[in-house]
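Shown next: upload-v7.pdb, containing PDB, C-alpha atoms.
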```pdb
ATOM      1  CA  MET A   1       0.000   0.000   0.000
ATOM      2  CA  VAL A   2       2.972   2.321   0.536
ATOM      3  CA  TRP A   3       3.630   2.302  -3.206
ATOM      4  CA  THR A   4       0.216   3.863  -3.830
ATOM      5  CA  PHE A   5       1.775   6.969  -2.282
ATOM      6  CA  VAL A   6       3.907   7.467  -5.441
ATOM      7  CA  PRO A   7       1.369   9.644  -7.345
ATOM      8  CA  VAL A   8       0.715  11.646  -4.173
ATOM      9  CA  ALA A   9       4.429  12.335  -3.780
ATOM     10  CA  PHE A  10       4.630  13.319  -7.440
ATOM     11  CA  LEU A  11       1.738  15.783  -7.161
ATOM     12  CA  LEU A  12       3.194  17.221  -3.957
ATOM     13  CA  THR A  13       6.448  17.951  -5.794
ATOM     14  CA  LEU A  14       4.653  19.679  -8.670
ATOM     15  CA  THR A  15       2.708  21.949  -6.308
ATOM     16  CA  PRO A  16       4.260  25.448  -6.552
ATOM     17  CA  GLY A  17       5.776  26.786  -3.357
ATOM     18  CA  PRO A  18       8.775  28.514  -1.785
ATOM     19  CA  ALA A  19      11.149  25.682  -2.765
ATOM     20  CA  PHE A  20      10.446  26.194  -6.464
ATOM     21  CA  ALA A  21      11.119  29.920  -6.245
ATOM     22  CA  LEU A  22      14.313  29.252  -4.288
ATOM     23  CA  VAL A  23      15.608  26.758  -6.865
ATOM     24  CA  VAL A  24      14.997  29.096  -9.800
ATOM     25  CA  ARG A  25      16.655  32.019  -8.062
ATOM     26  CA  THR A  26      19.680  29.979  -6.946
ATOM     27  CA  ALA A  27      20.235  28.467 -10.392
ATOM     28  CA  LEU A  28      20.059  31.933 -11.933
ATOM     29  CA  ALA A  29      22.200  33.715  -9.358
ATOM     30  CA  ALA A  30      24.808  30.946  -9.123
ATOM     31  CA  ASP A  31      24.655  27.622 -10.981
ATOM     32  CA  ALA A  32      22.910  24.249 -11.128
ATOM     33  CA  ARG A  33      25.228  22.789  -8.486
ATOM     34  CA  SER A  34      24.250  25.480  -5.974
ATOM     35  CA  ALA A  35      20.586  24.927  -6.805
ATOM     36  CA  LEU A  36      21.066  21.200  -6.157
ATOM     37  CA  LEU A  37      22.475  22.015  -2.714
ATOM     38  CA  ALA A  38      19.339  24.087  -2.014
ATOM     39  CA  ILE A  39      17.204  21.133  -3.167
ATOM     40  CA  LEU A  40      19.092  18.789  -0.849
ATOM     41  CA  GLY A  41      18.669  21.231   2.041
ATOM     42  CA  ASN A  42      14.925  21.251   1.461
ATOM     43  CA  GLY A  43      14.998  17.441   1.176
ATOM     44  CA  VAL A  44      16.608  17.154   4.598
ATOM     45  CA  THR A  45      13.647  18.990   6.111
ATOM     46  CA  VAL A  46      11.233  16.563   4.416
ATOM     47  CA  ILE A  47      12.970  13.647   6.140
ATOM     48  CA  MET A  48      13.072  15.619   9.410
ATOM     49  CA  TRP A  49       9.325  16.283   9.315
ATOM     50  CA  ALA A  50       8.723  12.621   8.471
ATOM     51  CA  LEU A  51      10.776  11.468  11.463
ATOM     52  CA  LEU A  52       9.054  13.989  13.721
ATOM     53  CA  SER A  53       5.686  12.666  12.567
ATOM     54  CA  VAL A  54       6.745   9.193  13.741
ATOM     55  CA  ALA A  55       7.884  10.655  17.060
ATOM     56  CA  GLY A  56       4.477  12.268  17.474
ATOM     57  CA  ILE A  57       5.808  15.812  17.664
ATOM     58  CA  THR A  58       4.112  16.933  14.469
ATOM     59  CA  ALA A  59       0.874  15.366  15.720
ATOM     60  CA  LEU A  60       1.174  17.551  18.796
ATOM     61  CA  ILE A  61       1.776  20.598  16.624
ATOM     62  CA  ALA A  62      -1.219  19.748  14.470
ATOM     63  CA  ALA A  63      -3.432  19.253  17.538
ATOM     64  CA  SER A  64      -2.241  22.310  19.461
ATOM     65  CA  GLU A  65      -3.426  25.603  18.036
ATOM     66  CA  ALA A  66      -0.867  27.561  20.060
ATOM     67  CA  ALA A  67       2.052  25.353  18.968
ATOM     68  CA  PHE A  68       1.013  25.482  15.330
ATOM     69  CA  LEU A  69       0.561  29.263  15.507
ATOM     70  CA  ALA A  70       4.040  29.706  16.986
ATOM     71  CA  LEU A  71       5.598  27.526  14.286
ATOM     72  CA  ARG A  72       3.600  29.288  11.589
ATOM     73  CA  VAL A  73       4.742  32.734  12.731
ATOM     74  CA  ALA A  74       8.350  31.540  12.942
ATOM     75  CA  GLY A  75       8.065  30.130   9.435
ATOM     76  CA  ALA A  76       6.572  33.366   8.131
ATOM     77  CA  VAL A  77       9.448  35.347   9.637
ATOM     78  CA  VAL A  78      12.008  33.070   7.967
ATOM     79  CA  LEU A  79      10.339  33.318   4.540
ATOM     80  CA  VAL A  80      10.049  37.096   4.762
ATOM     81  CA  ALA A  81      13.679  37.386   5.901
ATOM     82  CA  ILE A  82      14.916  35.310   2.959
ATOM     83  CA  GLY A  83      12.720  37.326   0.580
ATOM     84  CA  VAL A  84      14.112  40.612   1.893
ATOM     85  CA  GLN A  85      17.627  39.213   1.497
ATOM     86  CA  TYR A  86      16.932  38.507  -2.171
ATOM     87  CA  LEU A  87      15.430  41.956  -2.756
ATOM     88  CA  ARG A  88      18.491  43.570  -1.205
ATOM     89  CA  ALA A  89      20.788  41.407  -3.332
ATOM     90  CA  ALA A  90      18.913  42.476  -6.468
ATOM     91  CA  ARG A  91      19.212  46.132  -5.457
ATOM     92  CA  ARG A  92      22.967  45.779  -4.909
ATOM     93  CA  THR A  93      23.393  44.314  -8.394
ATOM     94  CA  GLY A  94      24.850  46.915 -10.705
ATOM     95  CA  PRO A  95      23.552  48.082 -14.070
ATOM     96  CA  ALA A  96      23.330  45.907 -17.137
ATOM     97  CA  GLU A  97      27.100  45.771 -17.652
ATOM     98  CA  ASP A  98      27.494  43.957 -14.311
ATOM     99  CA  LEU A  99      24.993  41.363 -15.432
ATOM    100  CA  ARG A 100      27.034  40.382 -18.458
ATOM    101  CA  HIS A 101      29.408  38.456 -16.251
ATOM    102  CA  ASP A 102      28.599  35.496 -14.076
ATOM    103  CA  ARG A 103      28.367  36.374 -10.438
ATOM    104  CA  PRO A 104      30.645  34.296  -8.224
ATOM    105  CA  ALA A 105      28.900  31.195  -6.961
ATOM    106  CA  PRO A 106      28.150  31.261  -3.234
ATOM    107  CA  SER A 107      29.654  28.692  -0.912
ATOM    108  CA  GLY A 108      27.799  25.409  -0.538
ATOM    109  CA  ARG A 109      26.634  26.349   2.935
ATOM    110  CA  GLY A 110      24.570  29.288   1.677
ATOM    111  CA  PRO A 111      22.265  27.467  -0.794
ATOM    112  CA  PHE A 112      21.991  24.414   1.469
ATOM    113  CA  ARG A 113      21.111  26.641   4.425
ATOM    114  CA  ASP A 114      18.485  28.515   2.399
ATOM    115  CA  GLY A 115      16.918  25.215   1.327
ATOM    116  CA  LEU A 116      16.945  23.980   4.903
ATOM    117  CA  LEU A 117      15.354  27.150   6.262
ATOM    118  CA  THR A 118      12.749  27.259   3.498
ATOM    119  CA  GLY A 119      11.658  23.702   4.303
ATOM    120  CA  LEU A 120      11.597  24.334   8.045
ATOM    121  CA  ALA A 121       9.545  27.472   7.437
ATOM    122  CA  ASN A 122       6.679  25.384   6.061
ATOM    123  CA  PRO A 123       4.702  24.059   9.050
ATOM    124  CA  LYS A 124       2.053  22.684   6.712
ATOM    125  CA  LEU A 125       4.447  19.820   5.998
ATOM    126  CA  ALA A 126       3.939  18.736   9.603
ATOM    127  CA  VAL A 127       0.169  18.641   9.184
ATOM    128  CA  PHE A 128       0.538  16.981   5.789
ATOM    129  CA  PHE A 129       2.608  14.121   7.162
ATOM    130  CA  VAL A 130       0.363  13.551  10.162
ATOM    131  CA  ALA A 131      -2.837  13.648   8.107
ATOM    132  CA  LEU A 132      -1.692  11.706   5.059
ATOM    133  CA  PHE A 133       1.171   9.335   5.868
ATOM    134  CA  PRO A 134      -0.773   7.030   8.257
ATOM    135  CA  GLN A 135      -3.297   6.268   5.505
ATOM    136  CA  PHE A 136      -0.556   4.635   3.417
ATOM    137  CA  VAL A 137       1.066   2.563   6.164
ATOM    138  CA  PRO A 138      -0.131  -1.071   5.864
ATOM    139  CA  ASP A 139      -1.453  -2.803   8.973
ATOM    140  CA  GLY A 140       1.347  -4.468  10.867
ATOM    141  CA  ALA A 141       4.058  -2.687   8.886
ATOM    142  CA  ASN A 142       7.030  -0.960  10.487
ATOM    143  CA  VAL A 143       5.805   2.634  10.816
ATOM    144  CA  LEU A 144       9.291   4.157  10.847
ATOM    145  CA  ALA A 145      10.414   2.262   7.752
ATOM    146  CA  ALA A 146       7.204   3.050   5.843
ATOM    147  CA  THR A 147       7.363   6.731   6.777
ATOM    148  CA  LEU A 148      11.011   7.015   5.747
ATOM    149  CA  LEU A 149      10.193   5.310   2.457
ATOM    150  CA  MET A 150       7.397   7.783   1.707
ATOM    151  CA  GLY A 151       9.550  10.733   2.744
ATOM    152  CA  SER A 152      12.304   9.427   0.466
ATOM    153  CA  MET A 153       9.814   9.290  -2.405
ATOM    154  CA  VAL A 154       9.048  12.972  -1.940
ATOM    155  CA  VAL A 155      12.769  13.813  -1.811
ATOM    156  CA  ALA A 156      13.493  11.730  -4.929
ATOM    157  CA  PHE A 157      10.784  13.485  -6.941
ATOM    158  CA  ASP A 158      11.995  16.851  -5.632
ATOM    159  CA  VAL A 159      15.545  16.123  -6.794
ATOM    160  CA  LEU A 160      14.365  14.973 -10.235
ATOM    161  CA  TRP A 161      11.888  17.797 -10.868
ATOM    162  CA  TYR A 162      13.684  20.705  -9.219
ATOM    163  CA  GLY A 163      17.002  19.426 -10.567
ATOM    164  CA  SER A 164      15.607  19.527 -14.101
ATOM    165  CA  VAL A 165      14.316  23.051 -13.520
ATOM    166  CA  ALA A 166      17.690  24.142 -12.127
ATOM    167  CA  TYR A 167      19.548  22.628 -15.077
ATOM    168  CA  GLY A 168      17.255  24.371 -17.577
ATOM    169  CA  VAL A 169      17.585  27.730 -15.840
ATOM    170  CA  ALA A 170      21.357  27.381 -15.585
ATOM    171  CA  ARG A 171      21.576  26.556 -19.309
ATOM    172  CA  ALA A 172      19.574  29.677 -20.164
ATOM    173  CA  LYS A 173      21.496  31.789 -17.671
ATOM    174  CA  ARG A 174      23.611  33.586 -20.275
ATOM    175  CA  ALA A 175      20.494  34.898 -22.007
ATOM    176  CA  PHE A 176      19.106  36.016 -18.655
ATOM    177  CA  THR A 177      22.264  37.731 -17.484
ATOM    178  CA  SER A 178      22.664  39.673 -20.710
ATOM    179  CA  SER A 179      19.821  41.958 -19.654
ATOM    180  CA  SER A 180      18.059  43.250 -16.568
ATOM    181  CA  LEU A 181      15.907  40.111 -16.528
ATOM    182  CA  ALA A 182      18.202  38.473 -13.977
ATOM    183  CA  ARG A 183      17.633  41.298 -11.527
ATOM    184  CA  ARG A 184      13.908  41.216 -12.191
ATOM    185  CA  ILE A 185      13.718  37.476 -11.475
ATOM    186  CA  GLU A 186      15.652  37.937  -8.247
ATOM    187  CA  GLN A 187      13.258  40.703  -7.233
ATOM    188  CA  LEU A 188      10.274  38.540  -8.169
ATOM    189  CA  THR A 189      11.614  35.632  -6.128
ATOM    190  CA  GLY A 190      12.067  37.878  -3.113
ATOM    191  CA  ALA A 191       8.559  39.279  -3.508
ATOM    192  CA  VAL A 192       7.076  35.773  -3.857
ATOM    193  CA  LEU A 193       8.777  34.550  -0.680
ATOM    194  CA  ILE A 194       7.678  37.639   1.240
ATOM    195  CA  GLY A 195       4.122  37.165  -0.041
ATOM    196  CA  LEU A 196       4.123  33.500   0.969
ATOM    197  CA  GLY A 197       5.458  34.440   4.387
ATOM    198  CA  LEU A 198       2.784  37.079   4.927
ATOM    199  CA  ARG A 199       0.056  34.714   3.775
ATOM    200  CA  LEU A 200       1.349  32.050   6.130
ATOM    201  CA  ALA A 201       1.244  34.559   9.000
ATOM    202  CA  VAL A 202      -2.343  35.712   8.444
ATOM    203  CA  GLU A 203      -4.162  32.639   7.144
ATOM    204  CA  LYS A 204      -6.458  30.858   9.567
ATOM    205  CA  THR A 205      -5.847  27.251   8.450
TER     206      THR A 205
END
```
Please rewrite the model in this file as structure tokens.
Amino acid sequence: MVWTFVPVAFLLTLTPGPAFALVVRTALAADARSALLAILGNGVTVIMWALLSVAGITALIAASEAAFLALRVAGAVVLVAIGVQYLRAARRTGPAEDLRHDRPAPSGRGPFRDGLLTGLANPKLAVFFVALFPQFVPDGANVLAATLLMGSMVVAFDVLWYGSVAYGVARAKRAFTSSSLARRIEQLTGAVLIGLGLRLAVEKT
């Protein structure tokens, strides 16, 4: 029955969110390798949330309105902070002549950290795992093993899909960086993350 989770994991990956915006921005600002590090950082949080769901912590968060609110506000702050960081980076970028040259790629810690923080800033993953994962665990099966398998499915699809997106963006990077489009995309990414953070802070569900 765990294998019936495959299409669910696939659809979850295709659902637009902060991770997609982060991957596009990282591939454009740096390269595909840096974007892959961001993808892996986000993947680590998927496994973390899966393990926490087994431990019952995410169930507590889902059941406690105060705990979920605190995590939601913290997540909103992180998303807004990352978005502001991107907007500031776009503002610091010089005129068009500066965009004709590749910007130096950031260290591996930066993209990986951004992916990690973006995943941790999404408390809905906690609710998702608690609400959905148990339905796909067969009776008598090892809950930890089944949960890790389903979490790994999500990570695998993330790597394949987001990796393909990162590769495509990196290949088209020269066309982007030959105009102000690169700066515009960085600004758009920052605005999207800020918008997602604000929505997360004010929504009631």
Using all atoms listed in the file, determine which residues lie at most 7 Å from Pro111 of chain A, disregarding the query and same-chain residues fewer than 4 positions distant; provide the list as a CSV table (one decimal) with C-alpha atoms, in the coordinates of the input.
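Saved result, around17.csv, follows:
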```
chain,number,residue,atom,x,y,z
A,34,SER,CA,24.2,25.5,-6.0
A,35,ALA,CA,20.6,24.9,-6.8
A,37,LEU,CA,22.5,22.0,-2.7
A,38,ALA,CA,19.3,24.1,-2.0
A,115,GLY,CA,16.9,25.2,1.3
```
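Picked by the PyMOL selection byres ((chain A and resi 148) around 12) from the coordinates shown: Val2, Val44, Val46, Ile47, Met48, Trp49, Ala50, Leu51, Leu52, Ser53, Val54, Phe129, Phe133, Val137, Asn142, Val143, Leu144, Ala145, Ala146, Thr147, Leu149, Met150, Gly151, Ser152, Met153, Val154, Val155 and Ala156 of chain A.
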### Task
Using all atoms listed in the file, find the one residue out of A:Ala121, A:Leu11, A:Leu160, A:Ala81 that sits nearest to Ala191 of chain A.
A:Ala81
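The shortest atom-to-atom distance to Val24 of chain A, with only C-alpha atoms taken into account, belongs to A:Ala170 out of A:Ala170, A:Val73, A:Val84, A:Leu12.
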### Message
Residues near Tyr86 of chain A, anyone? I mean within 9 Å using all atoms listed in the file, not counting same-chain ones fewer than 3 positions away, as a PyMOL selection string.
### Response
chain A and resi 25+81-83+89-91+186-191
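Shortest separation to Thr15 of chain A among A:Asp158, A:Val165, A:Arg199, A:Trp3 occurs at residue A:Asp158, atoms counted being all atoms listed in the file.
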